[in-house]
>>> print(open('query.txt').read())   # compact mmCIF, C-alpha atoms
# COMPACT_ATOMS: atom_id res chain seq x y z
CA MET G 115 47.27 27.77 -54.85
CA ASP G 116 48.79 27.56 -51.36
CA ILE G 117 51.81 29.50 -50.15
CA ASP G 118 54.01 26.37 -49.83
CA THR G 119 53.52 25.50 -53.47
CA ILE G 120 54.38 29.05 -54.52
CA THR G 121 57.46 29.07 -52.26
CA GLU G 122 58.59 25.75 -53.72
CA ASP G 123 58.10 27.07 -57.23
CA ILE G 124 60.09 30.23 -56.41
CA THR G 125 62.88 28.24 -54.74
CA GLN G 126 63.21 26.01 -57.78
CA HIS G 127 63.51 28.97 -60.11
CA SER G 128 65.83 31.05 -57.93
CA ASN G 129 68.12 28.06 -57.32
CA LYS G 130 68.79 28.04 -61.03
CA LEU G 131 70.00 31.63 -60.71
CA PHE G 132 72.50 30.67 -58.01
CA ASN G 133 73.59 27.19 -59.10
CA GLU G 134 76.80 28.25 -60.77
CA THR G 135 77.87 30.56 -57.93
CA LEU G 136 77.02 27.97 -55.29
CA GLU G 137 79.16 25.43 -57.13
CA VAL G 138 82.11 27.87 -57.09
CA ILE G 139 81.61 28.41 -53.36
CA ASP G 140 81.43 24.68 -52.61
CA ASN G 141 84.54 23.97 -54.66
CA ASN G 142 86.44 26.71 -52.91
CA PHE G 143 85.44 25.60 -49.43
CA ASP G 144 86.39 22.01 -50.34
CA PHE G 145 89.74 23.28 -51.61
CA MET G 146 90.34 25.24 -48.39
CA ASP G 147 89.40 22.24 -46.23
CA GLU G 148 91.46 19.74 -48.18
CA ASN G 149 94.56 21.90 -47.93
CA ASP G 150 93.99 23.21 -44.41
CA LEU G 151 94.19 26.80 -45.57
CA ILE G 152 94.13 29.52 -42.96
CA GLU G 153 90.96 31.62 -42.63
CA PRO G 154 92.28 34.93 -41.28
CA LYS G 155 90.28 37.05 -38.89
CA LYS G 156 91.80 40.23 -40.25
CA ASP G 157 90.10 41.77 -43.23
CA TYR G 158 92.54 41.30 -46.09
CA ILE G 159 89.89 42.07 -48.72
CA ILE G 160 90.73 45.74 -48.48
CA LEU G 161 94.22 44.96 -49.80
CA ILE G 162 93.07 43.81 -53.21
CA ASP G 163 93.76 47.06 -55.09
CA PHE G 164 97.11 47.50 -53.39
CA LEU G 165 98.12 43.91 -54.13
CA ASN G 166 96.98 44.14 -57.76
CA LYS G 167 99.09 47.24 -58.25
CA THR G 168 102.04 45.60 -56.48
CA VAL G 169 101.79 42.45 -58.63
CA ASN G 170 101.67 44.55 -61.80
CA HIS G 171 104.53 46.75 -60.68
CA PHE G 172 106.76 43.85 -59.66
CA SER G 173 106.05 41.83 -62.78
CA ASN G 174 107.14 44.83 -64.85
CA LEU G 175 110.36 44.97 -62.86
CA ASP G 176 111.12 41.26 -63.17
CA TYR G 177 109.40 38.91 -65.63
CA SER G 178 110.29 35.84 -63.52
CA PHE G 179 108.39 37.24 -60.52
CA LEU G 180 104.99 36.15 -61.79
CA ASP G 181 105.47 32.38 -62.00
CA ASP G 182 102.64 30.00 -62.98
CA SER G 183 101.42 29.45 -59.44
CA LEU G 184 101.34 33.12 -58.52
CA ARG G 185 99.69 33.96 -61.84
CA LYS G 186 96.95 31.39 -61.11
CA LEU G 187 96.36 32.70 -57.62
CA HIS G 188 96.32 36.29 -58.82
CA ARG G 189 93.78 35.44 -61.54
CA ASP G 190 91.72 33.39 -59.10
CA VAL G 191 91.55 36.24 -56.59
CA ASN G 192 90.41 38.66 -59.28
CA ASN G 193 87.80 36.26 -60.65
CA LEU G 194 86.43 35.75 -57.16
CA ASN G 195 86.44 39.46 -56.52
CA LYS G 196 84.50 40.06 -59.73
CA LEU G 197 81.94 37.48 -58.64
CA TYR G 198 81.77 39.07 -55.19
CA GLU G 199 81.17 42.53 -56.65
CA GLU G 200 78.50 41.12 -58.99
CA GLN G 201 76.69 39.54 -56.06
CA LYS G 202 76.81 42.79 -54.09
CA ASN G 203 75.32 44.62 -57.08
CA ASN G 204 72.70 41.89 -57.45
CA LEU G 205 71.30 42.77 -54.05
CA ASN G 206 69.84 45.91 -55.65
CA ASN G 207 68.77 44.18 -58.85
CA GLY G 208 66.18 41.81 -57.41
CA GLN G 209 63.27 43.38 -59.24
CA GLU G 210 65.02 43.33 -62.60
CA LEU G 211 66.09 39.70 -62.12
CA PHE G 212 62.52 38.76 -61.20
CA ASN G 213 61.13 40.49 -64.31
CA THR G 214 63.67 39.06 -66.73
CA LYS G 215 64.71 35.67 -65.35
CA ILE G 216 61.99 34.39 -63.03
CA PHE G 217 58.61 35.76 -64.05
CA PRO G 218 58.73 34.67 -67.73
CA LYS G 219 59.47 31.08 -66.64
CA ILE G 220 56.60 30.56 -64.23
CA THR G 221 54.01 28.27 -65.81
CA LEU G 222 51.09 29.69 -63.87
CA PHE G 223 51.57 33.15 -65.41
CA LYS G 224 51.93 31.71 -68.87
CA GLN G 225 48.57 29.96 -68.39
CA ILE G 226 46.84 33.07 -67.05
CA GLN G 227 48.25 35.17 -69.90
CA LYS G 228 46.95 32.60 -72.39
CA SER G 229 43.49 32.62 -70.79
CA LEU G 230 43.38 36.42 -70.78
CA LEU G 231 44.29 36.47 -74.44
CA GLU G 232 41.62 33.92 -75.24
CA LEU G 233 39.02 35.95 -73.34
CA GLN G 234 40.06 39.10 -75.17
CA HIS G 235 39.43 37.39 -78.51
CA SER G 236 36.47 35.31 -77.36
CA ASP G 237 33.63 34.74 -79.88
CA LEU G 238 31.21 35.55 -77.05
CA LEU G 239 32.25 39.21 -77.34
CA LYS G 240 31.08 39.20 -80.97
CA THR G 241 27.55 37.97 -80.15
CA GLY G 242 26.29 41.50 -79.52
CA ASP G 243 24.44 40.29 -76.44
CA LYS G 244 25.07 42.95 -73.79
CA GLU G 245 24.57 40.57 -70.88
CA THR G 246 27.02 37.99 -72.26
CA ILE G 247 29.59 40.70 -73.04
CA ALA G 248 29.27 42.07 -69.51
CA VAL G 249 29.80 38.57 -68.01
CA VAL G 250 32.92 38.04 -70.17
CA LYS G 251 34.30 41.46 -69.28
CA GLU G 252 33.66 40.83 -65.59
CA HIS G 253 35.43 37.48 -65.83
CA PHE G 254 38.32 39.16 -67.68
CA SER G 255 38.66 41.84 -65.03
CA GLN G 256 38.62 39.29 -62.20
CA MET G 257 41.29 37.23 -63.90
CA GLN G 258 43.41 40.33 -64.51
CA ASN G 259 43.22 41.26 -60.81
CA GLN G 260 44.11 37.72 -59.84
CA TYR G 261 47.08 37.87 -62.18
CA LYS G 262 48.33 41.12 -60.60
CA GLU G 263 47.81 39.78 -57.09
CA MET G 264 49.66 36.54 -57.84
CA ARG G 265 52.50 38.43 -59.45
CA LYS G 266 52.84 40.57 -56.33
CA ILE G 267 52.87 37.47 -54.07
CA TYR G 268 55.45 35.73 -56.25
CA PHE G 269 57.61 38.85 -56.35
CA GLU G 270 57.57 39.34 -52.57
CA LEU G 271 58.44 35.71 -51.91
CA PHE G 272 61.17 35.83 -54.53
CA ILE G 273 62.75 38.98 -53.07
CA GLU G 274 62.77 37.45 -49.60
CA GLU G 275 64.40 34.25 -50.81
CA PHE G 276 66.73 36.06 -53.19
CA THR G 277 67.99 38.56 -50.59
CA GLU G 278 68.64 35.87 -48.02
CA GLN G 279 70.44 33.63 -50.51
CA THR G 280 72.50 36.50 -51.95
CA LYS G 281 73.57 37.64 -48.47
CA ASP G 282 74.69 34.08 -47.65
CA ILE G 283 76.61 33.94 -50.92
CA ILE G 284 78.27 37.29 -50.22
CA SER G 285 79.38 36.17 -46.72
CA SER G 286 80.78 32.92 -48.10
CA LEU G 287 82.61 34.73 -50.87
CA GLU G 288 84.09 37.12 -48.31
CA VAL G 289 85.58 34.22 -46.35
CA ILE G 290 87.00 32.61 -49.49
CA LEU G 291 88.31 35.87 -50.89
CA ASN G 292 89.87 36.85 -47.59
CA THR G 293 91.74 33.54 -47.39
CA LYS G 294 93.00 33.75 -50.96
CA ILE G 295 94.08 37.38 -50.63
CA TYR G 296 95.97 36.44 -47.46
CA TYR G 297 97.88 33.81 -49.45
CA LEU G 298 98.40 36.16 -52.39
CA ASP G 299 99.93 38.70 -50.04
CA LYS G 300 102.34 36.13 -48.60
CA PHE G 301 103.10 34.51 -51.92
CA LEU G 302 103.95 37.67 -53.82
CA TRP G 303 106.53 38.64 -51.22
CA MET G 304 108.07 35.16 -51.30
CA ASN G 305 108.70 35.68 -55.02
CA ALA G 306 109.70 39.31 -54.65
CA LEU G 307 112.36 38.33 -52.11
CA LYS G 308 114.08 36.20 -54.72
CA SER G 309 114.35 39.11 -57.14
CA SER G 310 117.27 41.48 -56.72
CA SER G 311 115.81 43.86 -59.31
CA ILE G 312 112.57 44.24 -57.33
CA LEU G 313 114.39 44.73 -54.05
CA ARG G 314 116.70 47.26 -55.69
CA ALA G 315 113.81 49.14 -57.22
CA ILE G 316 112.04 49.55 -53.90
CA ASN G 317 115.29 50.64 -52.28
CA ALA G 318 115.62 47.69 -49.96
CA THR G 319 118.54 45.42 -49.40
CA GLU G 320 117.78 41.74 -49.14
CA ASN G 321 118.80 41.90 -45.52
CA GLU G 322 116.33 44.67 -44.70
CA PHE G 323 113.57 42.72 -46.34
CA LYS G 324 114.40 39.36 -44.83
CA THR G 325 111.01 39.34 -43.19
CA THR G 326 109.54 41.35 -45.99
CA SER G 327 105.88 42.04 -46.11
CA SER G 328 103.36 44.42 -47.50
CA LYS G 329 103.77 46.35 -44.26
CA LYS G 330 107.23 47.66 -45.11
CA TYR G 331 106.28 48.34 -48.69
CA LEU G 332 103.13 50.13 -47.55
CA GLN G 333 105.18 52.25 -45.18
CA ILE G 334 107.45 53.23 -48.07
CA ARG G 335 104.40 54.08 -50.19
CA VAL G 336 102.75 56.05 -47.35
CA ASP G 337 105.94 58.06 -46.82
CA VAL G 338 105.90 59.28 -50.41
CA ALA G 339 102.13 59.71 -50.75
CA LEU G 340 100.55 63.12 -50.39
CA PRO G 341 98.72 63.35 -47.06
CA TYR G 342 94.92 63.65 -47.04
CA THR G 343 94.61 62.33 -50.59
CA GLN G 344 92.41 59.33 -51.32
CA ASP G 345 95.46 57.23 -52.07
CA TYR G 346 97.09 58.17 -48.77
CA GLU G 347 93.94 57.33 -46.78
CA TYR G 348 93.64 54.01 -48.60
CA LEU G 349 97.26 53.06 -47.91
CA GLN G 350 96.81 53.99 -44.26
CA LYS G 351 93.77 51.75 -44.07
CA CYS G 352 95.75 48.90 -45.63
CA LEU G 353 98.54 49.48 -43.15
CA ARG G 354 96.12 48.93 -40.27
CA ILE G 355 95.93 45.26 -41.20
CA TYR G 356 99.56 44.92 -40.17
CA LYS G 357 99.09 47.10 -37.06
CA MET Z 247 80.37 32.15 -66.83
CA ILE Z 248 82.62 31.99 -63.78
CA GLN Z 249 86.15 30.91 -64.55
CA GLN Z 250 87.46 28.49 -61.95
CA ILE Z 251 91.17 27.89 -61.44
CA ASN Z 252 92.63 24.42 -61.02
CA TYR Z 253 95.65 24.27 -58.80
CA ASP Z 254 98.39 21.62 -59.04
CA PRO Z 255 100.00 20.11 -55.95
CA LYS Z 256 103.09 22.24 -56.64
CA ASP Z 257 100.94 25.40 -56.43
CA ILE Z 258 99.63 24.33 -53.04
CA GLU Z 259 103.15 23.59 -51.84
CA LYS Z 260 104.13 27.13 -52.73
CA PHE Z 261 101.12 28.64 -50.92
CA LEU Z 262 102.03 26.78 -47.77
CA GLU Z 263 105.71 27.65 -48.17
CA ALA Z 264 104.79 31.33 -48.41
CA THR Z 265 103.11 31.28 -45.01
CA GLU Z 266 106.32 29.98 -43.45
CA ILE Z 267 108.09 33.30 -44.07
CA PRO Z 268 108.17 34.94 -40.66
CA ASP Z 269 106.08 38.07 -40.25
CA ASP Z 270 107.55 41.33 -39.22
CA ASN Z 271 106.92 40.86 -35.50
CA SER Z 272 108.07 44.21 -34.16
CA ASP Z 273 104.53 44.94 -32.98
CA LEU Z 274 103.88 41.49 -31.58
CA GLN Z 275 105.66 42.24 -28.33
CA ILE Z 276 103.35 45.20 -27.72
CA LEU Z 277 100.39 43.03 -28.62
CA ASP Z 278 101.57 40.46 -26.06
CA LYS Z 279 101.68 43.24 -23.46
CA LEU Z 280 98.15 44.26 -24.39
CA LEU Z 281 96.98 40.66 -24.12
CA SER Z 282 98.65 40.34 -20.72
CA VAL Z 283 96.49 43.18 -19.34
CA GLN Z 284 93.43 42.53 -21.51
CA ASN Z 285 91.13 41.65 -18.63
CA LYS Z 286 92.11 44.81 -16.74
CA ILE Z 287 90.89 46.95 -19.63
CA SER Z 288 87.16 46.64 -19.23
CA ILE Z 289 86.16 47.47 -22.81
CA ILE Z 290 88.31 44.70 -24.29
CA ALA Z 291 87.90 42.19 -21.49
CA ASN Z 292 86.49 38.79 -22.53
CA ILE Z 293 87.22 39.32 -26.22
CA ASP Z 294 88.80 36.33 -27.91
CA PRO Z 295 92.56 37.15 -28.20
CA GLU Z 296 92.61 36.23 -31.88
CA ASP Z 297 89.70 38.61 -32.51
CA LEU Z 298 91.34 41.27 -30.38
CA GLU Z 299 94.46 41.05 -32.50
CA ALA Z 300 92.30 41.65 -35.55
CA ILE Z 301 90.42 44.67 -34.18
CA VAL Z 302 93.24 46.70 -32.62
CA TYR Z 303 95.88 48.70 -34.45
CA ASP Z 304 98.53 51.32 -33.87
CA LEU Z 305 99.70 49.77 -30.61
CA LYS Z 306 102.27 51.91 -28.83
CA PHE Z 307 104.16 51.81 -25.59
CA ILE Z 308 105.13 55.32 -24.56
CA GLN Z 309 107.03 56.55 -21.56
CA TYR Z 310 105.94 60.00 -20.42
CA GLN Z 311 107.89 62.32 -18.17
CA HIS Z 312 106.46 64.49 -15.42
CA ARG Z 313 104.12 67.18 -16.88
CA ASP Z 314 104.05 65.61 -20.38
CA HIS Z 315 100.62 65.92 -21.99
CA VAL Z 316 99.14 62.55 -22.97
CA ILE Z 317 95.84 63.93 -24.30
CA GLU Z 318 95.01 67.50 -25.22
CA GLU Z 319 91.46 68.78 -24.63
CA GLY Z 320 89.70 69.48 -27.93
CA ASP Z 321 91.90 67.18 -30.02
CA ILE Z 322 90.37 64.53 -32.21
CA THR Z 323 92.50 61.44 -31.73
CA GLN Z 324 91.55 57.80 -31.66
CA GLU Z 325 93.74 56.14 -29.04
CA ILE Z 326 92.57 54.35 -25.93
CA PHE Z 327 95.12 54.46 -23.09
CA PHE Z 328 96.07 52.04 -20.36
CA VAL Z 329 98.38 53.20 -17.55
CA PHE Z 330 100.99 50.48 -17.08
CA SER Z 331 102.89 52.40 -14.43
CA GLY Z 332 102.79 55.92 -13.01
CA GLU Z 333 99.91 58.34 -12.60
CA CYS Z 334 98.17 61.09 -14.52
CA GLN Z 335 95.95 64.03 -13.72
CA VAL Z 336 92.88 65.13 -15.64
CA PHE Z 337 92.15 68.79 -16.40
CA HIS Z 338 89.02 70.31 -17.86
CA LYS Z 339 89.29 73.98 -18.85
CA ASN Z 340 92.55 74.19 -16.85
CA LYS Z 341 90.82 72.94 -13.70
CA LYS Z 342 91.87 69.63 -12.17
CA VAL Z 343 88.94 67.23 -12.27
CA GLY Z 344 90.46 63.85 -11.55
CA GLU Z 345 93.35 61.42 -11.28
CA ILE Z 346 94.21 58.28 -13.18
CA LYS Z 347 96.19 55.64 -11.33
CA THR Z 348 98.20 52.64 -12.52
CA GLY Z 349 96.01 49.94 -14.04
CA LYS Z 350 93.31 52.35 -15.21
CA THR Z 351 92.14 53.07 -18.74
CA PHE Z 352 91.07 56.37 -20.23
CA GLY Z 353 90.10 57.95 -23.52
CA GLU Z 354 87.59 55.29 -24.62
CA PRO Z 355 84.48 57.39 -25.44
CA ALA Z 356 86.21 59.92 -27.70
CA ALA Z 357 88.09 57.09 -29.40
CA ILE Z 358 84.99 55.04 -30.04
CA PHE Z 359 82.58 57.85 -30.91
CA ASN Z 360 85.17 59.89 -32.81
CA THR Z 361 84.49 63.02 -30.77
CA LYS Z 362 86.79 65.70 -29.38
CA ARG Z 363 88.75 64.93 -26.23
CA ASN Z 364 86.84 66.52 -23.36
CA ALA Z 365 89.84 66.85 -21.02
CA THR Z 366 93.59 67.19 -20.95
CA VAL Z 367 95.55 64.35 -19.36
CA VAL Z 368 98.96 65.14 -17.93
CA CYS Z 369 101.59 62.80 -16.49
CA SER Z 370 101.77 63.62 -12.77
CA SER Z 371 104.31 61.06 -11.56
CA GLN Z 372 108.03 61.24 -12.28
CA LYS Z 373 107.47 58.83 -15.16
CA ALA Z 374 104.46 57.00 -16.58
CA THR Z 375 104.40 54.08 -18.99
CA ILE Z 376 101.27 54.09 -21.07
CA LEU Z 377 100.02 51.59 -23.60
CA SER Z 378 97.85 53.07 -26.34
CA PHE Z 379 95.90 51.41 -29.12
CA CYS Z 380 93.11 52.13 -31.60
CA ILE Z 381 90.05 50.09 -32.48
CA ASP Z 382 89.49 49.25 -36.12
CA ASN Z 383 85.75 49.50 -36.77
CA ASP Z 384 86.37 48.43 -40.35
CA ALA Z 385 87.18 44.98 -38.98
CA ILE Z 386 83.44 44.34 -38.62
CA ARG Z 387 83.30 41.92 -41.57
CA PHE Z 388 85.12 39.08 -39.80
CA CYS Z 389 85.02 40.24 -36.18
CA ALA Z 390 81.46 41.49 -35.70
CA PRO Z 391 80.93 39.50 -32.45
CA ALA Z 392 84.14 40.92 -30.97
CA LEU Z 393 83.15 44.48 -31.83
CA ALA Z 394 79.67 43.85 -30.44
CA LEU Z 395 81.23 42.69 -27.18
CA LEU Z 396 83.46 45.77 -27.13
CA TYR Z 397 80.47 48.09 -27.49
CA LYS Z 398 78.59 46.13 -24.84
CA ASN Z 399 81.55 46.55 -22.48
CA LEU Z 400 81.66 50.25 -23.28
CA ALA Z 401 77.94 50.66 -22.59
CA TYR Z 402 78.41 48.83 -19.29
CA GLN Z 403 81.30 51.12 -18.37
CA ILE Z 404 79.35 54.29 -19.24
CA ASN Z 405 76.42 53.01 -17.20
CA ASN Z 406 78.71 52.41 -14.21
CA LYS Z 407 80.06 55.94 -14.47
CA LEU Z 408 76.53 57.37 -14.61
CA GLU Z 409 75.51 55.38 -11.54
CA GLU Z 410 78.63 56.60 -9.73
CA MET Z 411 77.78 60.21 -10.63
CA ASN Z 412 74.17 59.76 -9.47
CA GLU Z 413 75.38 58.41 -6.14
CA ASN Z 414 77.72 61.39 -5.72
CA ILE Z 415 74.90 63.81 -6.48
CA LEU Z 416 72.63 62.08 -3.96
CA LYS Z 417 75.35 62.22 -1.29
CA LYS Z 418 75.66 65.97 -1.78
>>> encode(input="query.txt", output="structure tokens")
Amino acid sequence: MDIDTITEDITQHSNKLFNETLEVIDNNFDFMDENDLIEPKKDYIILIDFLNKTVNHFSNLDYSFLDDSLRKLHRDVNNLNKLYEEQKNNLNNGQELFNTKIFPKITLFKQIQKSLLELQHSDLLKTGDKETIAVVKEHFSQMQNQYKEMRKIYFELFIEEFTEQTKDIISSLEVILNTKIYYLDKFLWMNALKSSSILRAINATENEFKTTSSKKYLQIRVDVALPYTQDYEYLQKCLRIYK
Amino acid sequence: MIQQINYDPKDIEKFLEATEIPDDNSDLQILDKLLSVQNKISIIANIDPEDLEAIVYDLKFIQYQHRDHVIEEGDITQEIFFVFSGECQVFHKNKKVGEIKTGKTFGEPAAIFNTKRNATVVCSSQKATILSFCIDNDAIRFCAPALALLYKNLAYQINNKLEEMNENILKK
């Protein structure tokens, strides 16, 4: 069996692992292209926890804040983030995925396993002829070694392909997620601005928050956070996005 | 199973409407100043302005008076400084070791490598206007080429300083 055939076999099987995710990525890029969405250079992904907390907080203050469109975008961002985290975790799970999802489906191994089983229960072993038994055992051992060697080759090729593909997926998801978080950030403040109860609760007059943004809200949160705590450091990091 | 969201045209309209809300642009003027002198600051020269905007933070324009300390030896701070106008003097262990004139930058290595400041910088003119900014290394995800260029510029600058020192030693 040549290396190209093995690579092709591996690609076919690993593509099945990624099909669903690749479809999500394609759909999202199409969506971004069709609507000319901005792809920010700044890293908005870090804001996700802050924005989730803000959305929850504001929707508790005013039920009309979370309209259908914002709800969709919020859910979409969190679904994408879940997928993104799964893919990052997958990078360390290559061996497990190979053992559970790829290896059992490769025809070659099924055939070798069948042959090994047949040899193990071969009538030739019952003949009592030492020479015949030795030949069968030798054949069995050779086949077993071949099986191990092939498994190793398949695994190495799979890991190479899998790592490369997963890294590409992660980079694509980062671009998509960053764009959608950017819009979530803008959108939530557009709705918050319309709510007097939210503005009142965060001690801002509508005038003060005319150009409202996460920046001002983050500054308020930083001012009341305890310095050198994890929360404080996180808010400071988020604040960097807005300079 | 990955749940995909279907957006209606009215959702898209709202997304686009949201981006029309003006940003808080109080820092944009300082950013414009930084961009206007970008090519004079060797470590950020040649970086795409859009990338530069994404990798800098905490931009400040500060006016110092005579004898004000800009940097204190031993401090761990992350700003890089550019002298817009005025002059400064550099002290190491209370001994004057150099001068910084208008149009020069200082403070890059400690800012980039997160080490202690190895000298004190004091305003020596009547007044000095200094622009300071920090580099966000966390911006690597979307601005890796810009950060790579910044480090390349820094390496080039350090190399120049070493060559200058070697020449001085040889002259002596």
>>> atom_distance(input="query.txt", atom1="CA of Ser327 in chain G", atom2="CA of Pro255 in chain Z")
24.7 Å
>>> interface_residues(input="query.txt", of="chain G", to="chain Z", cutoff="9 Å", atoms="all atoms listed in the file", output="MDAnalysis selection string")
chainID G and resid 134:135 138 149 151 154:157 182:184 186:187 189:190 193:194 197 285 288:289 297:305 324:327 329:330 351 354:357
>>> residues_around(input="query.txt", residues="Gln333 in chain G", least_positions_apart="6", cutoff="9 Å", atoms="all atoms listed in the file", output="JSON list (two decimals) with C-alpha atoms, keeping the file's coordinate frame")
[["chain", "number", "residue", "atom", "x", "y", "z"],
["G", 349, "LEU", "CA", 97.26, 53.06, -47.91],
["G", 350, "GLN", "CA", 96.81, 53.99, -44.26],
["G", 353, "LEU", "CA", 98.54, 49.48, -43.15]]
>>> atom_distance(input="query.txt", atom1="CA of Glu270 in chain G", atom2="CA of Leu230 in chain G")
23.3 Å
>>> atom_distance(input="query.txt", atom1="CA of Phe223 in chain G", atom2="CA of Asn133 in chain G")
23.7 Å
>>> closest_residue(input="query.txt", among="G:Thr343, G:Ser229, G:Ser328, G:Asn174", to="Gln256 in chain G", atoms="all atoms listed in the file")
G:Ser229
>>> closest_residue(input="query.txt", among="G:Ser311, G:Thr221, G:Asn129, G:Thr277", to="Gly208 in chain G", atoms="only C-alpha atoms")
G:Thr277
>>> residues_near_point(input="query.txt", point="(96.9, 51.7, -22.3)", cutoff="8 Å", atoms="all atoms listed in the file", output="MDAnalysis selection string")
chainID Z and resid 280 307 326:330 350:352 376:379
>>> closest_residue(input="query.txt", among="Z:Glu413, Z:Glu354, Z:Glu333, Z:Asp294", to="Pro391 in chain Z", atoms="only C-alpha atoms")
Z:Asp294
>>> residues_around(input="query.txt", residues="Arg335 in chain G", least_positions_apart="2", cutoff="12 Å", atoms="all atoms listed in the file", output="MDAnalysis selection string")
chainID G and resid 164 167:168 316:317 328:333 337:341 345:350 352:353
>>> write_last_selection(input="query.txt", atoms="C-alpha atoms", output="short mmCIF file (atom, residue, chain, number, x, y, z; two decimals), in the coordinates of the input")
data_model
loop_
_atom_site.label_atom_id
_atom_site.label_comp_id
_atom_site.auth_asym_id
_atom_site.auth_seq_id
_atom_site.Cartn_x
_atom_site.Cartn_y
_atom_site.Cartn_z
CA PHE G 164 97.11 47.50 -53.39
CA LYS G 167 99.09 47.24 -58.25
CA THR G 168 102.04 45.60 -56.48
CA ILE G 316 112.04 49.55 -53.90
CA ASN G 317 115.29 50.64 -52.28
CA SER G 328 103.36 44.42 -47.50
CA LYS G 329 103.77 46.35 -44.26
CA LYS G 330 107.23 47.66 -45.11
CA TYR G 331 106.28 48.34 -48.69
CA LEU G 332 103.13 50.13 -47.55
CA GLN G 333 105.18 52.25 -45.18
CA ASP G 337 105.94 58.06 -46.82
CA VAL G 338 105.90 59.28 -50.41
CA ALA G 339 102.13 59.71 -50.75
CA LEU G 340 100.55 63.12 -50.39
CA PRO G 341 98.72 63.35 -47.06
CA ASP G 345 95.46 57.23 -52.07
CA TYR G 346 97.09 58.17 -48.77
CA GLU G 347 93.94 57.33 -46.78
CA TYR G 348 93.64 54.01 -48.60
CA LEU G 349 97.26 53.06 -47.91
CA GLN G 350 96.81 53.99 -44.26
CA CYS G 352 95.75 48.90 -45.63
CA LEU G 353 98.54 49.48 -43.15
#
>>> residues_around(input="query.txt", residues="range 341-349 of chain Z", least_positions_apart="3", cutoff="6 Å", atoms="only C-alpha atoms", output="ChimeraX atom specification")
/Z:329-338
>>> residues_around(input="query.txt", residues="Gln311 in chain Z", least_positions_apart="4", cutoff="7 Å", atoms="all atoms listed in the file", output="tab-separated table (two decimals) with C-alpha atoms, in the frame of the given file")
chain	number	residue	atom	x	y	z
Z	369	CYS	CA	101.59	62.80	-16.49
Z	372	GLN	CA	108.03	61.24	-12.28
Z	373	LYS	CA	107.47	58.83	-15.16
Z	374	ALA	CA	104.46	57.00	-16.58
